[in-house]
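First comes the structure, then the notes that go with it.
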Amino acid sequence: MNTLITTYYDNPGYLQIFIENNFNRDYFSNLIVVDDASQKYPAKDVLQEFDTENITLYRLKEDVGFNSHAARNLAAVMCKTEWATFLDLDHFFLPFALERIQETIDYEENEYVKIAENQYTIPVKYFLMVGGYDERFNGIRWGDFHLENKLMKVFSGMELRAGKAVVQKNYTHIPDQIIEYKQFEKSLTISDNPLDWHKHDIITFEWEKICL
């Protein structure tokens, strides 16, 4: 069983298209949407236009800006299926992708598959085993690299790279966007030691389940 997970912030058009194109009930038993404290267009208003059976909506109570790492952590903790597929709201599956995902799930030796950056299918227990996203990356946009590197270290012995390097070197830009860092985040050093990954709590924010 596989749950599709996405996060949302004030973009009703994308959410509508996302559901129509990606939530295929032949492949996904559930859809979890986490509203990252939308201020103008709550996800609830969009979801009520659909058959909400097997759709669950959570909402973060505080708008802190780009809190999708925390939102994904919440979805993973609340996920009831063995597998989860994380997909950004503006991403879409290629025609063969759903079949490939199902083949991956059915193939017992394949523990984790990366499809694209920000888009992957993983057993929920492994996501939680490595501590999910480090919520200290909220607002930095490099938490995906750090999570991926933690997983790679567990399953292949590879050393952590991008997340740690970005924080230590205080990078302030990537090719397509400017990233502003808070002083606390500039000083972060992300440990290479897996024993340290659970020292930082996840779900460190207020949230609510929204009835549909």
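In the structure tokens, chains take letters A, B, ... by order of appearance, with residues numbered from 1 within each chain and ligands from 1 in the order shown.
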Find the residues near Asn24 of chain A: any atom within 12 Å, counting only C-alpha atoms, skip ones fewer than 3 places away on the same chain, and give them as a list in words.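 Counting only the stated atoms, we get Asn2, Thr3, Leu4, Phe18, Ile19, Glu20, Asn21, Tyr27, Phe28, Ser29, Asn30, Leu31, Asn54, Ile55, Phe92, Phe93, Pro95, Ala97, Leu98 and Glu99 of chain A.
Proximity ranking of A:Val46, A:Leu94, A:Val64, A:Ala75 relative to Gly13 of chain A places A:Val46 first, based on only C-alpha atoms.
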Using DSSP on the backbone coordinates, identify the residues of segment 1-117 of chain A assigned to strand (DSSP E or B); present them as number ranges by chain. A: 2-8, 30-35, 55-60, 83-86, 113-116
Contacts of Lys125 of chain A at 10 Å (only C-alpha atoms; same-chain gap of 2+ positions) as a PyMOL selection string: chain A and resi 76-77+81-84+122-123+127-132
Expected file: the selected residues, N, CA and C atoms, as a short mmCIF file (atom, residue, chain, number, x, y, z; two decimals), in the first residue's frame:
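The result, written out as result11.cif:
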data_model
loop_
_atom_site.label_atom_id
_atom_site.label_comp_id
_atom_site.auth_asym_id
_atom_site.auth_seq_id
_atom_site.Cartn_x
_atom_site.Cartn_y
_atom_site.Cartn_z
N ALA A 76 4.44 12.16 6.97
CA ALA A 76 5.06 10.85 7.16
C ALA A 76 4.65 10.23 8.48
N VAL A 77 4.62 11.02 9.53
CA VAL A 77 4.23 10.51 10.85
C VAL A 77 2.78 10.04 10.81
N THR A 81 0.22 3.80 5.61
CA THR A 81 0.64 2.73 4.71
C THR A 81 2.13 2.45 4.86
N GLU A 82 2.56 1.33 4.32
CA GLU A 82 3.97 0.95 4.43
C GLU A 82 4.87 1.87 3.62
N TRP A 83 4.39 2.29 2.46
CA TRP A 83 5.17 3.12 1.55
C TRP A 83 4.55 4.50 1.42
N ALA A 84 5.38 5.48 1.07
CA ALA A 84 4.90 6.83 0.77
C ALA A 84 5.64 7.36 -0.45
N ILE A 122 9.47 5.76 -0.86
CA ILE A 122 10.31 5.22 0.21
C ILE A 122 9.43 4.51 1.24
N PRO A 123 9.91 3.42 1.85
CA PRO A 123 9.20 2.86 2.99
C PRO A 123 9.17 3.88 4.12
N PHE A 127 12.17 6.43 6.28
CA PHE A 127 12.10 7.90 6.39
C PHE A 127 12.18 8.32 7.85
N LEU A 128 11.42 7.63 8.69
CA LEU A 128 11.40 7.98 10.12
C LEU A 128 12.66 7.50 10.82
N MET A 129 13.24 6.40 10.35
CA MET A 129 14.44 5.86 10.98
C MET A 129 15.60 6.85 10.94
N VAL A 130 15.72 7.60 9.84
CA VAL A 130 16.80 8.58 9.73
C VAL A 130 16.40 9.94 10.26
N GLY A 131 15.22 10.02 10.88
CA GLY A 131 14.79 11.28 11.49
C GLY A 131 14.06 12.21 10.57
N GLY A 132 13.66 11.73 9.37
CA GLY A 132 12.94 12.59 8.44
C GLY A 132 13.77 13.81 8.06
#
Distance query Pro12 of chain A at most 10 Å, only C-alpha atoms, self and fewer than 6 positions along chain excluded, as number ranges by chain: A: 18, 40-47
Option closest in space to Lys209 of chain A, from A:Tyr9, A:Tyr58, A:Phe96, A:Phe137 [counting only C-alpha atoms]: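 Among A:Tyr9, A:Tyr58, A:Phe96, A:Phe137, it is A:Tyr58 that comes nearest to Lys209 of chain A.
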Give the alpha helix (DSSP H) residues of segment 24-74 of chain A, as assigned by DSSP on the backbone, as a ChimeraX atom specification. /A:43-47,68-74
Requested write-out: N, CA and C atoms of the selected residues, as a PDB file, in the first residue's frame:
ATOM      1  N   ALA A  43      -6.330  25.045   1.358  1.00  0.00           N
ATOM      2  CA  ALA A  43      -6.470  23.808   0.592  1.00  0.00           C
ATOM      3  C   ALA A  43      -7.851  23.195   0.758  1.00  0.00           C
ATOM      4  N   LYS A  44      -8.470  23.400   1.902  1.00  0.00           N
ATOM      5  CA  LYS A  44      -9.794  22.828   2.158  1.00  0.00           C
ATOM      6  C   LYS A  44     -10.792  23.254   1.095  1.00  0.00           C
ATOM      7  N   ASP A  45     -10.736  24.510   0.673  1.00  0.00           N
ATOM      8  CA  ASP A  45     -11.687  25.009  -0.317  1.00  0.00           C
ATOM      9  C   ASP A  45     -11.522  24.289  -1.650  1.00  0.00           C
ATOM     10  N   VAL A  46     -10.303  23.923  -1.991  1.00  0.00           N
ATOM     11  CA  VAL A  46     -10.047  23.215  -3.240  1.00  0.00           C
ATOM     12  C   VAL A  46     -10.486  21.760  -3.130  1.00  0.00           C
ATOM     13  N   LEU A  47     -10.138  21.123  -2.031  1.00  0.00           N
ATOM     14  CA  LEU A  47     -10.409  19.692  -1.874  1.00  0.00           C
ATOM     15  C   LEU A  47     -11.897  19.390  -1.816  1.00  0.00           C
ATOM     16  N   SER A  68       7.946  23.464   4.136  1.00  0.00           N
ATOM     17  CA  SER A  68       7.527  22.201   3.536  1.00  0.00           C
ATOM     18  C   SER A  68       8.245  21.000   4.127  1.00  0.00           C
ATOM     19  N   HIS A  69       9.465  21.181   4.645  1.00  0.00           N
ATOM     20  CA  HIS A  69      10.155  20.055   5.282  1.00  0.00           C
ATOM     21  C   HIS A  69       9.370  19.584   6.499  1.00  0.00           C
ATOM     22  N   ALA A  70       8.941  20.528   7.312  1.00  0.00           N
ATOM     23  CA  ALA A  70       8.140  20.172   8.481  1.00  0.00           C
ATOM     24  C   ALA A  70       6.804  19.578   8.057  1.00  0.00           C
ATOM     25  N   ALA A  71       6.217  20.113   7.000  1.00  0.00           N
ATOM     26  CA  ALA A  71       4.940  19.594   6.519  1.00  0.00           C
ATOM     27  C   ALA A  71       5.081  18.150   6.045  1.00  0.00           C
ATOM     28  N   ARG A  72       6.178  17.842   5.378  1.00  0.00           N
ATOM     29  CA  ARG A  72       6.400  16.462   4.940  1.00  0.00           C
ATOM     30  C   ARG A  72       6.638  15.539   6.132  1.00  0.00           C
ATOM     31  N   ASN A  73       7.323  16.016   7.142  1.00  0.00           N
ATOM     32  CA  ASN A  73       7.501  15.207   8.349  1.00  0.00           C
ATOM     33  C   ASN A  73       6.156  14.853   8.964  1.00  0.00           C
ATOM     34  N   LEU A  74       5.276  15.835   9.058  1.00  0.00           N
ATOM     35  CA  LEU A  74       3.950  15.589   9.622  1.00  0.00           C
ATOM     36  C   LEU A  74       3.216  14.529   8.815  1.00  0.00           C
TER      37      LEU A  74
END
Closest of A:Glu103, A:Asp35, A:Asp10, A:Asp51 to Phe23 of chain A - atom-to-atom distances counting only C-alpha atoms: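 Of A:Glu103, A:Asp35, A:Asp10, A:Asp51, the one nearest Phe23 of chain A is A:Asp51, counting only C-alpha atoms.
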Residue among A:Asn138, A:Thr7, A:Ser38, A:Thr85 lying closest to Thr121 of chain A, counting only C-alpha atoms: A:Thr85
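Between atom CA of Glu135 of chain A and atom CA of Leu87 of chain A there is a distance of 18.4 Å.
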